[in-house]
2 protein chains.
Amino acid sequence: MPLWQLTAGEAARRMAAGQLTSEAYTQALLERIAQREPQVQAWAYLDAECALAQARARDREPRRSPLHGIPVGVKDVIDTCDQPTQHNSPLYQGHQPSEDANCVAVLRAAGAVILGKTTTLEFACGGRLPPTRNPHDLERTPGGSSSGSGAAVADGMVPLALATQTGGSTIRPAAFCGVYGFKPTFGRLSFAGAKHYSPHLDTIGLMARSAGDLALLARLYRLATEEELAPLPVRGLRIALCETPMWNQADPQAQAALHAAADQLARAGAHVTPLVLDSAFDALTQQQDTIMQDGGRGAFLPEYLAHPQQLHAEFHRKVENQYGHTAQQMRDVLDAAALRRIDFERASADVDAVLTLSAPGVAPTGIASQGMATFNRIWTALHVPCINVPGMRDTNGLPIGMQLVQRRYEDARLLRVAASVAAVLDTREGA
Amino acid sequence: MPLWQLTAGEAARRMAAGQLTSEAYTQALLERIAQREPQVQAWAYLDAECALAQARARDREPRRSPLHGIPVGVKDVIDTCDQPTQHNSPLYQGHQPSEDANCVAVLRAAGAVILGKTTTLEFACGGRLPPTRNPHDLERTPGGSSSGSGAAVADGMVPLALATQTGGSTIRPAAFCGVYGFKPTFGRLSFAGAKHYSPHLDTIGLMARSAGDLALLARLYRLATEEELAPLPVRGLRIALCETPMWNQADPQAQAALHAAADQLARAGAHVTPLVLDSAFDALTQQQDTIMQDGGRGAFLPEYLAHPQQLHAEFHRKVENQYGHTAQQMRDVLDAAALRRIDFERASADVDAVLTLSAPGVAPTGIASQGMATFNRIWTALHVPCINVPGMRDTNGLPIGMQLVQRRYEDARLLRVAASVAAVLDTREGA
């Protein structure tokens with residue numbers, strides 16, 4: 001197996017055993033990138049010397065954490081003190097922050113190598129699209145807005161990446177790219193130093209090529225301890241199959257894949273029961289959209305005031321509240337989302353995870369659209385932790401993502417369940 | 001009247017009329033600071049040349065906004081690109097951000113002068129206290145955590161200042177210092193670039209010496225338009241007098257002042273009715289504390305990992321969750337707060353503002369404590385906009401703050417009511 005195919009966990013094991021240096025591993029990833037980047041275009045910024053210098057420095061030090069010396073890609077709406085953060089915006093071309101975002105500083109303290117910045121939809125919100133392609137089919141979108149993180153991890157350019165999610169920006173690209181994506185409980189992982197959009201929704205996301213790697217990353221952020229992540233047998237696992245109110249917007253192949261996944265889990269001994277969200281959830285997708293859009297009124301005000309001409313029309317719409325959201329409407333949608341959190345709390349109290357689709361189907365053709373967040377919005381609004389588990393595929397072999405969901409603050413439990421589910425659904429996981 | 005006593009609105013009027021330059025006004029404030037700072041100690045950083053250079057540059061330009069050329073103090077947990085942001089923490093000594101926080105960038109785009117950085121409790125959270133004194137009585141605290149913003153505005157060192165509030169950090173120092181303080185609706189004014197603590201509560205606050213100045217500042221942030229701020233007669237104003245479940249923790253003089261304020265408003269023609277929050281609100285103060293403390297787990301993790309020895313024990317407690325908050329507890333307190341938001345929405349639907357205390361009494365003696373957030377926590381948890389109106393005093397002439405509250409997203413309406421109420425309660429307002 002070439003070095004670039006290693007999981008972070010395996011690379012870390014070899015480094016701890018003195019069989020691999022961070023420099024050699026980083027070099028292997030840079031070579032993979034040099035080979036694949038012209039097609040995939042996952043990187044907004046990559047300075048090989050900056051990455052190698054970090055790797056060499058880590059090789060000279062005692063190991064600080066299980067991810068010491070491991071390269072991580074960082075979505076380009078998240079500040080890094082040694083590499084520009086450009087937000088895919090002309091206003092931020094060459095922009096060099098002085099500080100790492102909170103989530104990057106934690107990686108840095110743990111001895112990780114910040115490999116480079118991954119492409120994004122402008123401000124992780126709208127406007128300019130990245131040129132990134134889906135490694136499974138270069139004619140298709142990798143999804144967004146964390147396009148580069150999804151594509152780079154999927155393509156073996158980097159084992160781990162940071163993303164963000166305000167609508168569906170972590171789980172959707174993870175699904176389309178066939179990697180593990182994790183949106184933690186809202187608020188548990190600090191959003192400080194990432195480009196803000198909606199203060200009610202903005203969340204840092206994590207991506208990896210195995211459930212174990214996701215867990216390693218989550219441990220750094222103290223979302224789970226090693227003890228809380230002890231293996232869990234699939235037999236007896238209580239899985240709630242949830243089609244959601246958006247079911248008729250899913251492709252037939254995606255619908256079939258969800259039921260096939262549930263069948264596979266049942267055959268492996270899981271107790272699968274249906275979960276039907278009551279009709280109050282029907283409006284939650286639209287309510288999430290209102291909450292999200294309204295966040296743009298304050299988030300993009302500085303750019304709107306300082307550089308109106310250069311700012312994409314989409315951000316003008318948000319700052320000017322061209323949607324016409326009223327005070328009453330905002331209270332109504334926020335309160336509705338809060339009530340659905342309580343409803344979901346009750347509905348999911350007795351299960352180990354809810355199983356649902358991550359996206360309406362496989363990655364759409366073309367890169368002019370990043371696909372729909374149809375199957376993400378309600379979970380983002382509910383503030384619940386979500387994990388995309390890959391492994392299911394359509395008849396052309398393209399990834400169809402399965403999404404696991406738990407109650408808020410049950411991030412550790414969700415990671416544990418995801419590892420068990422992955423062992424059944426993702427044949428690569430057993431490798 | 002000496003220049004330093006001008007309101008921002010009056011200074012701006014003179015500047016617009018060509019009767020005053022930003023440089024002359026800034027110079028007058030710097031002289032006031034030079035005279036008073038040895039006693040008051042409101043500034044964490046002040047570079048007269050940096051301030052004057054901005055003022056001269058603004059004098060050479062066309063006016064960009066009603067606050068063009070007006071100096072503003074910025075709490076030292078809010079990033080400024082031309083002056084250090086030190087958080088009252090040894091870890092950030094001399095720390096120079098490359099970017100303005102969102103709320104500072106808006107001021108900058110409007111042509112305001114960033115005069116200097118005002119003192120703060122460490123990270124606006126705990127740990128190290130600032131040396132700041134209350135201008136009304138140097139033996140007393142100005143309150144916190146926005147100590148310097150409250151003291152500097154009160155003492156005529158600057159007409160306007162930015163603050164933050166996660167518990168009671170804007171309204172409390174405004175009350176103790178006898179200035180106008182405004183905590184907008186949670187999420188309406190972006191918190192990007194300020195030091196995060198709790199993602200469910202962190203809010204940028206505004207301070208000024210008149211309701212009109214507060215409104216000018218709020219207009220820059222598009223919390224209100226000029227039309228929405230048209231004068232409102234006190235006659236017929238529907239005011240709900242709310243003692244809150246913490247009433248027995250208020251000093252007798254503060255209790256008397258609230259009722260006296262209500263009587264004054266009633267005599268001026270307002271309809272004052274009592275508002276009793278039902279018993280479900282009794283637990284909200286403690287629930288707010290749990291939500292707030294838990295935010296520290298992620299917020300201070302980078303400092304905890306990179307510099308454990310230099311980080312104050314209080315932040316270790318938060319990162320390590322020494323409080324032992326469980327997942328179930330977090331869901332319970334967040335859901336309880338959300339339900340109270342809905343309750344308050346109903347309870348306050350038919351009033352123009354709720355009138356309550358801003359603090360349990362006058363500023364306590366000494367600077368080892370910044371006083372209690374007892375009368376702030378529930379409102380912060382409710383996400384509602386709050387304004388401190390000064391004018392009431394105890395028998396020693398020390399300020400007792402009156403707090404006005406409206407429903408979420410009714411910031412414009414609250415500012416309008418505050419101006420009317422101020423005309424009755426704050427005799428300086430009529431000047």
# chains A, B, ... in the order shown; residues from 1 in each chain; ligands from 1
$ residues_around --residues "Ala110 of chain A" --least-positions-apart "2" --cutoff "12 Å" --atoms "only C-alpha atoms" --output "PyMOL selection string"
(chain A and resi 58+61-72+103-108+112-114+216-217+219-222) or (chain B and resi 301-302+304-306)
$ write_last_selection --atoms "N, CA and C atoms" --output "short mmCIF file (atom, residue, chain, number, x, y, z; two decimals), in the first residue's frame"
data_model
loop_
_atom_site.label_atom_id
_atom_site.label_comp_id
_atom_site.auth_asym_id
_atom_site.auth_seq_id
_atom_site.Cartn_x
_atom_site.Cartn_y
_atom_site.Cartn_z
N ARG A 58 8.25 18.64 13.63
CA ARG A 58 7.55 17.64 14.45
C ARG A 58 8.40 16.39 14.62
N GLU A 61 10.75 16.52 17.57
CA GLU A 61 10.17 16.72 18.90
C GLU A 61 9.61 15.42 19.47
N PRO A 62 9.42 15.39 20.79
CA PRO A 62 8.65 14.28 21.36
C PRO A 62 7.20 14.35 20.87
N ARG A 63 6.54 13.21 20.77
CA ARG A 63 5.16 13.17 20.28
C ARG A 63 4.23 13.84 21.29
N ARG A 64 3.38 14.72 20.79
CA ARG A 64 2.49 15.48 21.68
C ARG A 64 1.10 14.88 21.78
N SER A 65 0.72 14.07 20.79
CA SER A 65 -0.66 13.53 20.77
C SER A 65 -0.68 12.38 19.77
N PRO A 66 -1.79 11.63 19.73
CA PRO A 66 -1.89 10.54 18.75
C PRO A 66 -1.82 11.04 17.30
N LEU A 67 -2.02 12.32 17.08
CA LEU A 67 -1.95 12.83 15.70
C LEU A 67 -0.68 13.65 15.45
N HIS A 68 0.29 13.49 16.31
CA HIS A 68 1.57 14.19 16.11
C HIS A 68 2.17 13.84 14.75
N GLY A 69 2.49 14.86 13.98
CA GLY A 69 3.12 14.63 12.68
C GLY A 69 2.17 14.32 11.55
N ILE A 70 0.86 14.27 11.83
CA ILE A 70 -0.12 13.90 10.80
C ILE A 70 -0.62 15.16 10.07
N PRO A 71 -0.56 15.17 8.75
CA PRO A 71 -1.04 16.32 7.98
C PRO A 71 -2.58 16.41 7.96
N VAL A 72 -3.05 17.64 8.01
CA VAL A 72 -4.48 17.92 7.99
C VAL A 72 -4.73 19.05 6.98
N CYS A 103 -9.94 25.94 16.10
CA CYS A 103 -9.85 24.52 15.70
C CYS A 103 -8.50 24.19 15.09
N VAL A 104 -7.81 25.18 14.51
CA VAL A 104 -6.47 24.96 13.95
C VAL A 104 -5.44 25.00 15.08
N ALA A 105 -5.64 25.91 16.02
CA ALA A 105 -4.70 26.02 17.15
C ALA A 105 -4.66 24.71 17.94
N VAL A 106 -5.81 24.06 18.05
CA VAL A 106 -5.85 22.77 18.77
C VAL A 106 -5.03 21.73 18.01
N LEU A 107 -5.16 21.70 16.69
CA LEU A 107 -4.35 20.78 15.88
C LEU A 107 -2.87 21.09 16.05
N ARG A 108 -2.55 22.36 16.00
CA ARG A 108 -1.16 22.81 16.09
C ARG A 108 -0.58 22.37 17.45
N ALA A 112 -0.05 18.37 14.93
CA ALA A 112 -0.46 18.07 13.56
C ALA A 112 0.25 19.03 12.59
N VAL A 113 0.32 18.62 11.33
CA VAL A 113 0.92 19.44 10.27
C VAL A 113 -0.22 20.05 9.47
N ILE A 114 -0.25 21.39 9.37
CA ILE A 114 -1.29 22.04 8.55
C ILE A 114 -0.79 22.01 7.11
N LEU A 216 -10.12 9.75 16.20
CA LEU A 216 -8.83 10.32 16.63
C LEU A 216 -8.90 11.84 16.64
N LEU A 217 -9.46 12.39 15.58
CA LEU A 217 -9.59 13.83 15.45
C LEU A 217 -10.54 14.38 16.53
N ARG A 219 -11.15 13.16 19.38
CA ARG A 219 -10.52 13.10 20.71
C ARG A 219 -9.68 14.34 20.97
N LEU A 220 -8.99 14.83 19.94
CA LEU A 220 -8.18 16.05 20.12
C LEU A 220 -9.05 17.20 20.58
N TYR A 221 -10.28 17.27 20.06
CA TYR A 221 -11.19 18.36 20.41
C TYR A 221 -11.99 18.05 21.68
N ARG A 222 -11.66 16.94 22.31
CA ARG A 222 -12.32 16.52 23.56
C ARG A 222 -13.82 16.34 23.38
N LEU B 301 -9.83 25.88 24.91
CA LEU B 301 -9.04 24.66 24.69
C LEU B 301 -7.67 24.95 24.08
N PRO B 302 -7.55 25.85 23.09
CA PRO B 302 -6.21 26.11 22.52
C PRO B 302 -5.23 26.65 23.57
N TYR B 304 -5.39 26.27 26.76
CA TYR B 304 -5.20 25.19 27.74
C TYR B 304 -4.15 24.20 27.24
N LEU B 305 -4.20 23.87 25.96
CA LEU B 305 -3.26 22.89 25.41
C LEU B 305 -1.87 23.49 25.21
N ALA B 306 -1.82 24.74 24.73
CA ALA B 306 -0.53 25.31 24.35
C ALA B 306 0.21 25.92 25.54
#
$ residues_around --residues "Arg331 of chain B" --least-positions-apart "3" --cutoff "8 Å" --atoms "only C-alpha atoms" --output "PDB file with N, CA and C atoms, in the first residue's frame"
ATOM      1  N   ARG A 408     -28.176  15.807  20.895  1.00  0.00           N
ATOM      2  CA  ARG A 408     -27.129  16.799  21.182  1.00  0.00           C
ATOM      3  C   ARG A 408     -26.229  16.333  22.325  1.00  0.00           C
ATOM      4  N   TYR A 409     -24.961  16.616  22.207  1.00  0.00           N
ATOM      5  CA  TYR A 409     -23.935  16.314  23.213  1.00  0.00           C
ATOM      6  C   TYR A 409     -23.639  14.814  23.319  1.00  0.00           C
TER       7      TYR A 409
ATOM      8  N   ALA B 327     -24.347  15.350  29.262  1.00  0.00           N
ATOM      9  CA  ALA B 327     -25.060  15.602  28.005  1.00  0.00           C
ATOM     10  C   ALA B 327     -26.531  15.901  28.281  1.00  0.00           C
ATOM     11  N   GLN B 328     -27.139  15.097  29.163  1.00  0.00           N
ATOM     12  CA  GLN B 328     -28.558  15.287  29.464  1.00  0.00           C
ATOM     13  C   GLN B 328     -28.811  16.651  30.097  1.00  0.00           C
ATOM     14  N   LEU B 334     -30.513  23.940  27.865  1.00  0.00           N
ATOM     15  CA  LEU B 334     -30.722  24.641  26.591  1.00  0.00           C
ATOM     16  C   LEU B 334     -32.202  24.640  26.216  1.00  0.00           C
ATOM     17  N   ASP B 335     -32.871  23.505  26.423  1.00  0.00           N
ATOM     18  CA  ASP B 335     -34.297  23.433  26.084  1.00  0.00           C
ATOM     19  C   ASP B 335     -35.138  24.290  27.023  1.00  0.00           C
TER      20      ASP B 335
END
$ closest_residue --among "B:Gly236, B:Gly193, B:Pro38, B:Pro142" --to "chain A" --atoms "only C-alpha atoms"
B:Gly193
$ residues_around --residues "Arg238 of chain B" --least-positions-apart "3" --cutoff "10 Å" --atoms "only C-alpha atoms" --output "JSON, numbers by chain"
{"B": [234, 235, 241, 265, 266, 269, 270, 271, 272, 273, 350, 351, 352, 353, 354, 417]}
$ write_last_selection --atoms "C-alpha atoms" --output "PDB file, in the first residue's frame"
ATOM      1  CA  VAL B 234     -44.154  58.705  26.801  1.00  0.00           C
ATOM      2  CA  ARG B 235     -47.894  59.258  27.119  1.00  0.00           C
ATOM      3  CA  LEU B 241     -42.803  46.465  35.570  1.00  0.00           C
ATOM      4  CA  LEU B 265     -43.135  57.098  33.968  1.00  0.00           C
ATOM      5  CA  ALA B 266     -46.747  56.695  35.087  1.00  0.00           C
ATOM      6  CA  GLY B 269     -48.517  59.283  31.099  1.00  0.00           C
ATOM      7  CA  ALA B 270     -47.168  55.766  30.603  1.00  0.00           C
ATOM      8  CA  HIS B 271     -49.416  52.790  31.360  1.00  0.00           C
ATOM      9  CA  VAL B 272     -47.435  50.768  33.885  1.00  0.00           C
ATOM     10  CA  THR B 273     -48.637  47.253  34.586  1.00  0.00           C
ATOM     11  CA  ASP B 350     -48.614  43.602  24.398  1.00  0.00           C
ATOM     12  CA  VAL B 351     -46.075  45.972  25.944  1.00  0.00           C
ATOM     13  CA  ASP B 352     -43.670  48.536  24.551  1.00  0.00           C
ATOM     14  CA  ALA B 353     -40.965  47.488  26.996  1.00  0.00           C
ATOM     15  CA  VAL B 354     -40.362  45.565  30.177  1.00  0.00           C
ATOM     16  CA  VAL B 417     -38.735  53.388  23.863  1.00  0.00           C
TER      17      VAL B 417
END
$ residues_around --residues "Asp282 of chain B" --least-positions-apart "2" --cutoff "10 Å" --atoms "only C-alpha atoms" --output "ChimeraX atom specification"
/B:244-246,277-280,284-287,378
$ write_last_selection --atoms "C-alpha atoms" --output "compact mmCIF listing (two decimals), in the first residue's frame"
# COMPACT_ATOMS: atom_id res chain seq x y z
CA THR B 244 -38.01 39.14 38.37
CA PRO B 245 -37.50 36.02 40.51
CA MET B 246 -34.28 37.61 41.88
CA LEU B 277 -42.66 35.84 35.33
CA ASP B 278 -44.05 32.43 36.19
CA SER B 279 -42.17 30.01 38.41
CA ALA B 280 -40.54 28.28 35.43
CA LEU B 284 -33.26 30.30 34.40
CA THR B 285 -30.44 32.13 36.19
CA GLN B 286 -28.79 28.83 37.09
CA GLN B 287 -29.51 27.39 33.64
CA ILE B 378 -32.12 35.60 32.47
$ residues_around --residues "segment 387-390 of chain A" --least-positions-apart "4" --cutoff "8 Å" --atoms "only C-alpha atoms" --output "list in words"
Ile171, Ala174, Ala175, Gly178, Val179, Tyr180, Gly181, Phe182, Lys183, Ala211, Ser358, Pro399, Ile400, Gly401, Met402, Gln403, Leu404, Val405, Leu414, Leu415, Ala418, Val421, Ala422, Leu425 and Asp426 of chain A
$ closest_residue --among "B:Ala260, B:Leu160, B:Ile239, B:Ala17" --to "Asp213 of chain B" --atoms "only C-alpha atoms"
B:Leu160
$ select_by_dssp --residues "segment 312-414 of chain B" --states "alpha helix (DSSP H)" --output "ChimeraX atom specification"
/B:313-319,327-347,377-382,411-414
$ closest_residue --among "B:Met330, B:Arg413, B:Gly391, B:Ala8" --to "Thr185 of chain A" --atoms "only C-alpha atoms"
B:Met330
$ residues_around --residues "Cys177 of chain A" --least-positions-apart "5" --cutoff "7 Å" --atoms "only C-alpha atoms" --output "list in words"
Asn134, His136, Pro142, Gly150, Ala151, Ala154 and Pro399 of chain A
$ write_last_selection --atoms "N, CA and C atoms" --output "PDB file, in the first residue's frame"
ATOM      1  N   ASN A 134     -15.000  16.041  -8.392  1.00  0.00           N
ATOM      2  CA  ASN A 134     -15.181  14.854  -7.560  1.00  0.00           C
ATOM      3  C   ASN A 134     -14.203  13.768  -8.010  1.00  0.00           C
ATOM      4  N   HIS A 136     -14.193  10.693  -7.682  1.00  0.00           N
ATOM      5  CA  HIS A 136     -14.847   9.470  -8.174  1.00  0.00           C
ATOM      6  C   HIS A 136     -15.307   9.624  -9.613  1.00  0.00           C
ATOM      7  N   PRO A 142     -17.870  17.735  -6.204  1.00  0.00           N
ATOM      8  CA  PRO A 142     -17.570  17.053  -4.942  1.00  0.00           C
ATOM      9  C   PRO A 142     -18.581  17.429  -3.860  1.00  0.00           C
ATOM     10  N   GLY A 150     -13.539  17.591   1.150  1.00  0.00           N
ATOM     11  CA  GLY A 150     -14.104  16.323   0.736  1.00  0.00           C
ATOM     12  C   GLY A 150     -13.283  15.655  -0.350  1.00  0.00           C
ATOM     13  N   ALA A 151     -12.931  16.427  -1.384  1.00  0.00           N
ATOM     14  CA  ALA A 151     -12.205  15.863  -2.521  1.00  0.00           C
ATOM     15  C   ALA A 151     -10.793  15.440  -2.133  1.00  0.00           C
ATOM     16  N   ALA A 154     -10.910  12.286   0.000  1.00  0.00           N
ATOM     17  CA  ALA A 154     -11.340  11.154  -0.838  1.00  0.00           C
ATOM     18  C   ALA A 154     -10.225  10.689  -1.764  1.00  0.00           C
ATOM     19  N   PRO A 399     -20.550   6.978  -4.766  1.00  0.00           N
ATOM     20  CA  PRO A 399     -20.929   6.896  -3.344  1.00  0.00           C
ATOM     21  C   PRO A 399     -22.322   7.465  -3.063  1.00  0.00           C
TER      22      PRO A 399
END
$ residues_around --residues "Leu52 of chain A" --least-positions-apart "2" --cutoff "9 Å" --atoms "only C-alpha atoms" --output "VMD selection string"
chain A and resid 22 to 24 26 to 27 47 to 50 54 to 57 113 115
